[in-house]
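**Q** Dropping in model08.txt, which is compact mmCIF, C-alpha atoms:
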# COMPACT_ATOMS: atom_id res chain seq x y z
CA MET A 1 10.67 11.11 -2.68
CA ASP A 2 12.70 14.19 -3.38
CA PRO A 3 14.72 13.59 -6.55
CA VAL A 4 17.72 15.31 -4.93
CA TYR A 5 18.01 12.49 -2.41
CA ILE A 6 17.69 9.85 -5.11
CA LYS A 7 20.42 11.58 -7.07
CA LEU A 8 22.64 11.72 -3.97
CA ALA A 9 22.03 8.07 -3.18
CA LEU A 10 22.71 6.96 -6.74
CA GLY A 11 25.85 9.08 -6.82
CA GLY A 12 27.00 7.49 -3.59
CA LEU A 13 26.34 4.02 -4.92
CA THR A 14 28.29 4.75 -8.09
CA VAL A 15 31.27 6.29 -6.32
CA LEU A 16 31.45 3.59 -3.68
CA GLY A 17 31.09 0.93 -6.39
CA CYS A 18 33.98 2.50 -8.29
CA ILE A 19 36.12 2.63 -5.14
CA GLY A 20 35.29 -0.99 -4.42
CA VAL A 21 36.12 -2.17 -7.94
CA PHE A 22 39.33 -0.11 -7.97
CA PHE A 23 40.65 -1.46 -4.70
CA GLY A 24 39.40 -4.95 -5.50
CA ILE A 25 41.44 -4.97 -8.69
CA GLY A 26 44.38 -3.52 -6.75
CA LEU A 27 44.23 -6.27 -4.14
CA GLY A 28 43.81 -8.91 -6.85
CA LEU A 29 46.88 -7.63 -8.68
CA ALA A 30 48.85 -7.49 -5.45
CA ALA A 31 47.85 -11.05 -4.63
CA HIS A 32 48.95 -12.11 -8.10
CA ARG A 33 52.23 -10.21 -8.02
CA PHE A 34 53.17 -11.25 -4.51
CA ALA A 35 51.90 -14.79 -4.82
CA VAL A 36 53.65 -17.22 -2.49
CA GLU A 37 54.11 -20.62 -4.04
CA VAL A 38 52.87 -23.26 -1.63
CA ASP A 39 53.83 -26.85 -2.18
CA PRO A 40 50.59 -28.56 -3.30
CA ARG A 41 51.72 -31.77 -1.65
CA ILE A 42 51.31 -30.21 1.80
CA GLU A 43 47.61 -29.78 1.26
CA ALA A 44 47.26 -33.18 -0.35
CA VAL A 45 48.95 -34.90 2.57
CA GLN A 46 46.92 -32.92 5.08
CA GLU A 47 43.69 -33.93 3.36
CA VAL A 48 44.61 -37.60 3.55
CA LEU A 49 45.50 -37.41 7.25
CA ALA A 50 42.76 -37.82 9.82
CA GLY A 51 43.17 -34.31 11.24
CA GLY A 52 41.21 -34.70 14.44
CA GLN A 53 43.07 -31.76 15.98
CA MET B 1 48.40 -32.18 -12.04
CA THR B 2 50.50 -29.45 -10.53
CA PRO B 3 49.29 -25.87 -10.51
CA PRO B 4 51.69 -23.48 -12.24
CA LEU B 5 54.30 -22.13 -9.93
CA SER B 6 54.96 -18.44 -9.87
CA HIS B 7 57.11 -17.30 -12.76
CA ARG B 8 59.43 -15.45 -10.41
CA THR B 9 60.95 -18.39 -8.63
CA ASP B 10 64.23 -18.26 -10.54
CA ARG B 11 64.79 -14.60 -9.91
CA PRO B 12 67.88 -13.72 -7.85
CA ALA B 13 67.42 -12.43 -4.34
CA PRO B 14 66.66 -8.71 -4.20
CA ALA B 15 69.69 -6.45 -4.08
CA THR B 16 70.78 -5.02 -0.76
CA ARG B 17 69.10 -1.83 0.40
CA HIS B 18 70.49 1.50 -0.63
CA PRO B 19 72.66 2.97 2.11
CA ARG B 20 71.59 6.42 0.90
CA GLN B 21 68.09 6.24 2.34
CA PRO B 22 68.82 7.56 5.85
CA ARG B 23 70.78 10.45 4.39
CA ILE B 24 67.86 11.47 2.18
CA ALA B 25 65.53 11.31 5.17
CA LEU B 26 67.92 13.52 7.12
CA LEU B 27 68.05 16.02 4.29
CA LEU B 28 64.27 16.16 4.12
CA LEU B 29 64.11 16.71 7.87
CA CYS B 30 66.60 19.56 7.62
CA LEU B 31 64.57 21.12 4.80
CA LEU B 32 61.43 20.85 6.90
CA LEU B 33 63.19 22.49 9.83
CA LEU B 34 64.52 25.27 7.63
CA CYS B 35 61.09 26.00 6.19
CA GLY B 36 59.87 26.80 9.67
CA CYS B 37 62.21 29.72 10.29
CA GLY B 38 63.41 32.59 8.16
CA ALA B 39 61.92 36.03 7.72
CA ASP B 40 60.68 37.75 4.59
CA HIS B 41 62.97 40.80 4.55
CA ARG B 42 66.73 40.98 4.18
CA PHE B 43 67.21 43.37 7.10
CA VAL B 44 65.00 41.37 9.48
CA GLN B 45 66.50 38.26 10.99
CA LYS B 46 63.67 36.95 13.07
CA ALA B 47 60.07 37.76 13.91
CA GLU B 48 58.30 35.71 16.53
CA PHE B 49 55.61 35.72 19.20
CA ARG B 50 56.87 35.97 22.72
CA ASP B 51 54.07 36.53 25.18
CA SER B 52 50.40 36.36 24.40
CA ARG B 53 50.65 40.08 23.63
CA GLU B 54 54.17 40.61 22.34
CA ILE B 55 55.87 40.22 18.99
CA VAL B 56 59.65 40.40 18.96
CA ILE B 57 61.54 41.42 15.84
CA THR B 58 65.29 41.02 15.53
CA PHE B 59 67.12 43.14 12.98
CA ALA B 60 70.42 42.44 11.27
CA GLY B 61 71.83 45.74 12.51
CA PRO B 62 70.90 48.55 14.91
CA VAL B 63 67.97 50.69 13.79
CA ASP B 64 67.52 54.39 14.54
CA PRO B 65 65.73 55.08 17.83
CA ALA B 66 63.97 58.04 16.23
CA TRP B 67 62.38 55.70 13.68
CA ALA B 68 61.28 53.27 16.40
CA GLU B 69 59.69 56.09 18.41
CA ASN B 70 57.06 56.82 15.79
CA ARG B 71 54.26 54.34 16.22
CA ASP B 72 52.80 55.06 12.79
CA HIS B 73 55.60 53.01 11.28
CA PHE B 74 54.20 49.79 12.67
CA SER B 75 51.02 47.89 12.04
CA VAL B 76 49.97 44.39 13.04
CA TYR B 77 46.99 42.43 11.78
CA GLU B 78 45.78 38.87 11.49
CA LYS B 79 46.65 37.47 8.09
CA PRO B 80 43.09 36.36 7.23
CA ASP B 81 41.63 39.77 8.23
CA PRO B 82 43.87 42.51 6.87
CA ASP B 83 41.30 45.23 7.52
CA ILE B 84 41.22 44.77 11.30
CA PRO B 85 44.52 46.12 12.67
CA ALA B 86 45.58 45.21 16.18
CA GLN B 87 46.03 48.14 18.58
CA ILE B 88 49.70 48.60 19.39
CA ASP B 89 50.21 49.67 22.99
CA ARG B 90 53.93 50.10 23.24
CA VAL B 91 57.02 49.84 21.07
CA GLU B 92 60.30 49.12 22.79
CA LEU B 93 63.77 49.08 21.31
CA GLY B 94 66.42 46.98 23.01
CA PRO B 95 69.63 48.61 24.31
CA ASP B 96 71.67 47.46 21.30
CA GLY B 97 69.04 48.76 18.89
CA ARG B 98 68.52 45.41 17.20
CA VAL B 99 65.61 43.94 19.13
CA LEU B 100 62.23 45.57 18.74
CA THR B 101 59.27 44.57 20.89
CA LEU B 102 55.74 45.39 19.81
CA ARG B 103 53.14 45.11 22.55
CA THR B 104 49.48 44.96 21.60
CA SER B 105 46.72 46.17 23.89
CA GLU B 106 44.74 42.95 23.48
CA PRO B 107 46.01 39.37 23.58
CA ILE B 108 46.69 37.92 20.13
CA SER B 109 46.01 34.35 19.14
CA ARG B 110 49.23 32.58 18.32
CA ASP B 111 47.45 29.94 16.26
CA ILE B 112 46.62 32.49 13.59
CA PRO B 113 49.50 33.80 11.46
CA HIS B 114 49.94 37.56 11.84
CA LYS B 115 51.27 40.13 9.44
CA VAL B 116 53.59 42.86 10.72
CA VAL B 117 54.34 45.85 8.50
CA LEU B 118 57.41 47.93 9.30
CA GLU B 119 57.44 51.03 7.15
CA GLU B 120 60.69 52.51 5.87
CA ILE B 121 63.09 50.93 8.33
CA ARG B 122 65.92 53.36 9.03
CA SER B 123 69.30 52.12 10.13
CA GLY B 124 72.23 54.52 10.50
CA GLY B 125 70.31 57.17 8.60
CA VAL B 126 69.82 54.89 5.58
CA SER B 127 66.42 53.59 4.56
CA GLN B 128 66.14 49.82 4.36
CA GLY B 129 62.74 49.71 2.72
CA THR B 130 59.40 48.52 4.03
CA ALA B 131 59.16 45.04 5.51
CA HIS B 132 56.02 42.90 5.38
CA LEU B 133 56.60 40.10 7.83
CA THR B 134 54.55 37.03 8.57
CA VAL B 135 54.74 35.91 12.17
CA LYS B 136 53.50 32.41 12.88
CA LYS B 137 54.00 29.51 15.13
CA LEU B 138 56.77 27.21 14.00
CA TYR B 139 55.10 24.63 11.75
CA VAL B 140 57.44 21.87 12.88
CA GLY B 141 56.54 22.69 16.45
CA HIS B 142 52.86 22.46 15.59
CA LEU B 143 53.37 19.04 14.00
CA PHE B 144 55.45 17.91 16.95
CA SER B 145 52.76 18.99 19.38
CA ILE B 146 50.19 16.91 17.45
CA LEU B 147 52.52 13.91 17.61
CA ILE B 148 53.22 14.21 21.32
CA GLY B 149 49.58 15.03 21.99
CA ALA B 150 48.33 11.85 20.34
CA MET B 151 51.14 9.78 21.82
CA ILE B 152 51.16 10.81 25.47
CA ILE B 153 48.88 13.68 26.45
CA GLN B 154 45.75 12.30 24.79
CA ASN B 155 46.87 8.68 24.70
CA PHE B 156 44.19 6.69 22.92
CA VAL B 157 44.21 3.82 25.38
CA PHE B 158 44.62 5.63 28.67
CA SER B 159 42.66 8.80 28.11
CA LYS B 160 40.18 7.90 25.37
CA TYR B 161 39.62 4.25 26.36
CA LEU B 162 39.81 2.98 22.78
CA GLY B 163 41.21 -0.31 21.56
CA LEU B 164 40.89 -1.99 24.94
CA CYS B 165 40.13 -5.54 23.79
CA VAL B 166 43.31 -5.85 21.74
CA PHE B 167 45.14 -4.00 24.49
CA PHE B 168 44.24 -6.60 27.12
CA GLY B 169 44.48 -9.49 24.71
CA THR B 170 48.06 -8.95 23.64
CA SER B 171 49.71 -7.37 26.67
CA ARG B 172 50.44 -10.54 28.58
CA LYS B 173 53.99 -10.93 27.28
CA LYS B 174 56.45 -8.22 26.39
CA SER B 175 57.45 -9.75 23.06
CA THR B 176 53.87 -10.09 21.80
CA ALA B 177 53.07 -6.61 23.03
CA VAL B 178 55.90 -5.04 21.09
CA GLY B 179 55.07 -7.11 17.99
CA MET B 180 51.47 -5.98 18.12
CA GLY B 181 52.47 -2.35 18.71
CA VAL B 182 54.83 -2.26 15.73
CA THR B 183 52.35 -3.97 13.39
CA PHE B 184 49.64 -1.63 14.55
CA THR B 185 51.76 1.47 13.95
CA ILE B 186 52.54 0.42 10.39
CA VAL B 187 48.93 -0.42 9.57
CA ILE B 188 47.47 2.70 11.14
CA ILE B 189 49.83 4.99 9.25
CA ALA B 190 49.01 3.31 5.92
CA ALA B 191 45.27 3.27 6.60
CA SER B 192 45.15 6.90 7.78
CA MET B 193 47.06 8.17 4.79
CA MET B 194 44.75 6.36 2.40
CA SER B 195 41.64 7.51 4.20
CA TRP B 196 42.93 11.09 4.19
CA PHE B 197 43.37 11.00 0.42
CA LEU B 198 40.00 9.36 -0.09
CA HIS B 199 38.26 11.83 2.18
CA GLN B 200 39.90 14.89 0.65
CA PHE B 201 39.66 13.93 -3.01
CA VAL B 202 36.63 11.63 -3.27
CA LEU B 203 34.22 11.88 -0.36
CA LYS B 204 34.33 15.65 0.09
CA PRO B 205 34.00 16.67 -3.58
CA PHE B 206 31.13 14.23 -4.08
CA ARG B 207 29.47 15.24 -0.78
CA LEU B 208 29.51 11.69 0.51
CA ASP B 209 30.73 12.60 4.00
CA TYR B 210 27.88 10.62 5.50
CA LEU B 211 29.46 7.41 4.17
CA GLN B 212 32.72 8.05 6.07
CA ILE B 213 32.37 5.14 8.47
CA VAL B 214 31.55 2.58 5.77
CA VAL B 215 34.42 3.71 3.56
CA PHE B 216 36.96 3.88 6.39
CA ILE B 217 36.08 0.41 7.69
CA GLY B 218 36.57 -0.94 4.19
CA LEU B 219 39.89 0.88 3.88
CA VAL B 220 41.19 -0.50 7.15
CA SER B 221 40.44 -4.07 6.19
CA LEU B 222 41.88 -3.40 2.75
CA THR B 223 45.11 -2.12 4.29
CA VAL B 224 45.39 -5.10 6.58
CA GLN B 225 44.79 -7.48 3.68
CA GLY B 226 47.31 -5.62 1.53
CA VAL B 227 50.01 -5.61 4.21
CA ASP B 228 49.30 -9.29 4.81
CA THR B 229 49.68 -10.20 1.13
CA ILE B 230 52.80 -8.13 0.53
CA LEU B 231 54.55 -9.02 3.76
CA ARG B 232 53.96 -12.73 3.23
CA LYS B 233 56.05 -12.54 0.07
CA VAL B 234 58.55 -9.79 0.82
CA ASN B 235 59.55 -10.66 4.36
CA PRO B 236 58.30 -14.09 5.47
CA ALA B 237 60.28 -13.93 8.72
CA LEU B 238 58.60 -10.70 9.78
CA PHE B 239 55.26 -12.10 8.64
CA LYS B 240 55.71 -15.09 10.88
CA ALA B 241 56.67 -12.83 13.77
CA PHE B 242 53.53 -10.72 13.31
CA GLY B 243 51.37 -13.83 13.02
CA VAL B 244 47.83 -13.29 14.21
CA TYR B 245 48.33 -9.67 15.28
CA LEU B 246 48.03 -8.43 11.75
CA VAL B 247 44.49 -9.77 11.54
CA LEU B 248 43.74 -8.56 15.06
CA VAL B 249 44.40 -4.98 14.00
CA ILE B 250 41.06 -5.00 12.15
CA ALA B 251 39.33 -5.49 15.49
CA ASN B 252 41.01 -2.44 16.99
CA CYS B 253 38.89 0.67 17.15
CA ILE B 254 41.78 3.16 17.27
CA VAL B 255 42.41 2.31 13.66
CA ILE B 256 38.94 3.57 12.74
CA ALA B 257 38.93 6.45 15.24
CA VAL B 258 41.97 8.15 13.72
CA PRO B 259 40.55 8.50 10.16
CA LEU B 260 37.31 9.83 11.60
CA MET B 261 39.22 12.38 13.67
CA LEU B 262 41.23 13.44 10.63
CA ALA B 263 38.06 13.96 8.65
CA ASP B 264 36.39 15.91 11.46
CA ASN B 265 39.33 18.22 12.14
CA GLU B 266 40.19 18.83 8.48
CA TYR B 267 43.85 18.06 9.05
CA THR B 268 46.44 18.53 6.33
CA LEU B 269 48.52 15.62 5.06
CA LEU B 270 51.48 16.15 7.40
CA GLU B 271 49.24 16.76 10.39
CA SER B 272 47.36 13.53 9.69
CA LEU B 273 50.63 11.67 9.34
CA MET B 274 51.68 12.98 12.75
CA LEU B 275 48.36 12.07 14.36
CA ALA B 276 48.48 8.55 12.92
CA ALA B 277 52.08 8.03 13.97
CA GLY B 278 51.30 9.42 17.42
CA ALA B 279 48.33 7.11 17.83
CA GLY B 280 50.38 4.09 16.76
CA LEU B 281 53.36 4.93 18.95
CA GLY B 282 51.06 5.76 21.84
CA PHE B 283 49.47 2.35 21.53
CA LEU B 284 52.95 0.81 21.42
CA ILE B 285 53.92 2.67 24.61
CA ALA B 286 50.71 1.63 26.34
CA LEU B 287 51.20 -2.02 25.37
CA PHE B 288 54.82 -2.00 26.46
CA LEU B 289 54.10 -0.44 29.85
CA MET B 290 51.17 -2.76 30.47
CA SER B 291 53.05 -5.91 29.47
CA SER B 292 55.99 -4.97 31.69
CA VAL B 293 53.66 -4.71 34.67
CA ARG B 294 51.71 -7.83 33.82
CA GLU B 295 54.85 -9.92 33.51
CA ARG B 296 55.71 -8.98 37.08
CA ILE B 297 52.19 -9.43 38.36
CA GLU B 298 52.38 -13.09 37.37
CA PHE B 299 54.62 -13.70 40.36
CA ALA B 300 52.82 -11.42 42.80
CA ASP B 301 50.63 -12.62 45.61
CA ILE B 302 47.21 -11.53 44.39
CA PRO B 303 43.88 -12.58 45.92
CA GLU B 304 42.40 -15.51 44.07
CA SER B 305 39.44 -13.65 42.61
CA PHE B 306 41.60 -10.81 41.24
CA ARG B 307 44.02 -12.95 39.23
CA GLY B 308 44.20 -12.46 35.50
CA LEU B 309 42.00 -9.92 33.81
CA PRO B 310 40.56 -8.16 36.91
CA ILE B 311 43.95 -7.07 38.19
CA ALA B 312 44.88 -6.06 34.63
CA PHE B 313 41.91 -3.71 34.59
CA VAL B 314 42.98 -2.27 37.94
CA VAL B 315 46.49 -1.72 36.58
CA ALA B 316 45.10 -0.07 33.45
CA GLY B 317 43.06 2.24 35.65
CA LEU B 318 46.16 3.21 37.60
CA PHE B 319 48.00 3.89 34.36
CA ALA B 320 45.11 6.03 33.18
CA LEU B 321 45.32 8.02 36.42
CA ALA B 322 49.05 8.47 35.93
CA PHE B 323 48.53 9.61 32.35
CA MET B 324 45.99 12.15 33.58
CA GLY B 325 48.99 14.02 34.94
CA PHE B 326 49.81 14.96 31.35
CA SER B 327 46.38 16.40 30.61
CA GLY B 328 46.21 20.07 29.84
CA MET B 329 49.87 20.26 28.89
CA THR B 330 50.77 22.16 25.77
CA ILE B 331 53.95 22.23 23.77
CA TYR B 332 54.85 25.45 21.95
In structure tokens, what does this structure look like?
**A**
Amino acid sequence: MDPVYIKLALGGLTVLGCIGVFFGIGLGLAAHRFAVEVDPRIEAVQEVLAGGQ
Amino acid sequence: MTPPLSHRTDRPAPATRHPRQPRIALLLLCLLLLCGCGADHRFVQKAEFRDSREIVITFAGPVDPAWAENRDHFSVYEKPDPDIPAQIDRVELGPDGRVLTLRTSEPISRDIPHKVVLEEIRSGGVSQGTAHLTVKKLYVGHLFSILIGAMIIQNFVFSKYLGLCVFFGTSRKKSTAVGMGVTFTIVIIAASMMSWFLHQFVLKPFRLDYLQIVVFIGLVSLTVQGVDTILRKVNPALFKAFGVYLVLVIANCIVIAVPLMLADNEYTLLESLMLAAGAGLGFLIALFLMSSVRERIEFADIPESFRGLPIAFVVAGLFALAFMGFSGMTIY
């Protein structure tokens, strides 16, 4: 295969990987900063209930 | 065994919004409007296109008719091609001596900025110097025409047939329709701005244009997730009102069509903002119109087999026909 294509593909992979990591970290930070505290008892009670519906 | 609560629980409620914000927005708008007009020479008040072949120049005072007679004093050319002058057919001076009309022998394209050179303007026997003027379409008008074009003339739902599944899914009630439209507008503006930056500064320099679709799809879902996370904390009431629509936006194809159009047309930042806002508001208009009709159709006497979605499609078709009346319209 033409090495130019391999170079292009590898470049694409790298750049897209960087974008993905960057935005992933961004979303993770946002989720941490804007975390909504949920009462853990709600989940506990819901797990105990039958929950047919 | 309780998981640690967020460390921000004891923080006081956020302070009230600054009342200054609308004033700043107004100031920016005024600045934008001012940038559009204004000439480049102190003796020239205004230079603008009139017809497809005429350029009108307004002076601050009356100029000498003898100066205006000589055609060698004037030259007009397209700004990108300074070495191809346009042929000037006729030069007319208005009765008060302040309005000068240059008429070219061939039609000029108003989309391209033109340069007009007026050599040694003479007014009352005194030379006022040479003026190099740039004549162009008002930039604000150009932006406005993109906005209106995306909103009404080329409405994404009624003339491009995009985003139909969400359109029919959420237009049964007026309140849900407006909720969806507002959420959609916010998300599409955020997603388009981000995709514009990414396209201009990452994809184009690295020659990864062929990955546009993959990147834009990722960006749209990222925006939706981000808005979801932030809104849940910042404004829970609004979050509850948006409900499922926020997630539904991902399934809307207008939100992916707009970034692709921006990339294809090489729009600038402001133009992309206008296109995104126009697409969002156009969708809002479409949803509102459709839900108004569908609320009334509920009580209409419709043949059994047409009830529900079939009649909605018929109504959408009629709307599309009505919106065809706008096609071919231009502003400015």
**Q** Please determine, counting all atoms listed in the file, which residue among A:Tyr5, A:Ala50, A:Gly12, A:Gly28 has the shortest atom-to-atom distance to chain B.
**A**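 Using all atoms listed in the file, chain B sits closest to A:Gly12.
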**Q** Return the single residue from B:Pro62, B:Phe206, B:Glu92, B:Val182 that is closest to Leu13 (chain A), with distances computed using only C-alpha atoms.
**A** B:Phe206
**Q** What's the separation between CA of Ala286 (chain B) and CA of Val157 (chain B), in Å to one decimal place?
**A**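 Between CA of Ala286 (chain B) and CA of Val157 (chain B) the gap works out to 6.9 Å.
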**Q** So which residues touch Cys165 (chain B) within 10 Å, counting all atoms listed in the file, skipping near sequence neighbours fewer than 2 positions away, as a PyMOL selection string?
**A** chain B and resi 162-163+167-170+248+251-253
**Q** Give me, as number ranges by chain, the residues of chain A touching chain B, with the criterion being at most 12 Å (counting all atoms listed in the file).
**A** A: 5, 7-20, 22-41, 44
**Q** Rounded to one decimal in Å, what is the spacing between CA of Val258 (chain B) and CA of His199 (chain B)?
**A**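 Atom-to-atom, CA of Val258 (chain B) and CA of His199 (chain B) are spaced 12.7 Å apart.
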**Q** Tell me, in Å to one decimal, how far CA of Met274 (chain B) is from CA of Leu147 (chain B).
**A** 5.0 Å
**Q** Determine, counting only C-alpha atoms, which protein, DNA and RNA residues have an atom within 12 Å of an atom of Arg42 (chain B); residues of the same chain fewer than 2 positions away are not included. Present the result as a PyMOL selection string.
**A** chain B and resi 38-40+44-46+58-61+121+128-133
**Q** Just C-alpha atoms for this one: save the residues we selected as a short mmCIF file (atom, residue, chain, number, x, y, z; two decimals), keeping the file's coordinate frame.
**A**
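Result file part.cif:
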data_model
loop_
_atom_site.label_atom_id
_atom_site.label_comp_id
_atom_site.auth_asym_id
_atom_site.auth_seq_id
_atom_site.Cartn_x
_atom_site.Cartn_y
_atom_site.Cartn_z
CA GLY B 38 63.41 32.59 8.16
CA ALA B 39 61.92 36.03 7.72
CA ASP B 40 60.68 37.75 4.59
CA VAL B 44 65.00 41.37 9.48
CA GLN B 45 66.50 38.26 10.99
CA LYS B 46 63.67 36.95 13.07
CA THR B 58 65.29 41.02 15.53
CA PHE B 59 67.12 43.14 12.98
CA ALA B 60 70.42 42.44 11.27
CA GLY B 61 71.83 45.74 12.51
CA ILE B 121 63.09 50.93 8.33
CA GLN B 128 66.14 49.82 4.36
CA GLY B 129 62.74 49.71 2.72
CA THR B 130 59.40 48.52 4.03
CA ALA B 131 59.16 45.04 5.51
CA HIS B 132 56.02 42.90 5.38
CA LEU B 133 56.60 40.10 7.83
#
**Q** From the list B:Phe216, B:Phe201, B:Phe74, B:Phe49, which residue is nearest Val135 (chain B) when using all atoms listed in the file?
**A** B:Phe49
**Q** Rank nothing, just name the residue among B:Lys115, B:Asn265, B:Arg110, B:Ser123 nearest to Asp83 (chain B), using all atoms listed in the file.
**A** B:Lys115
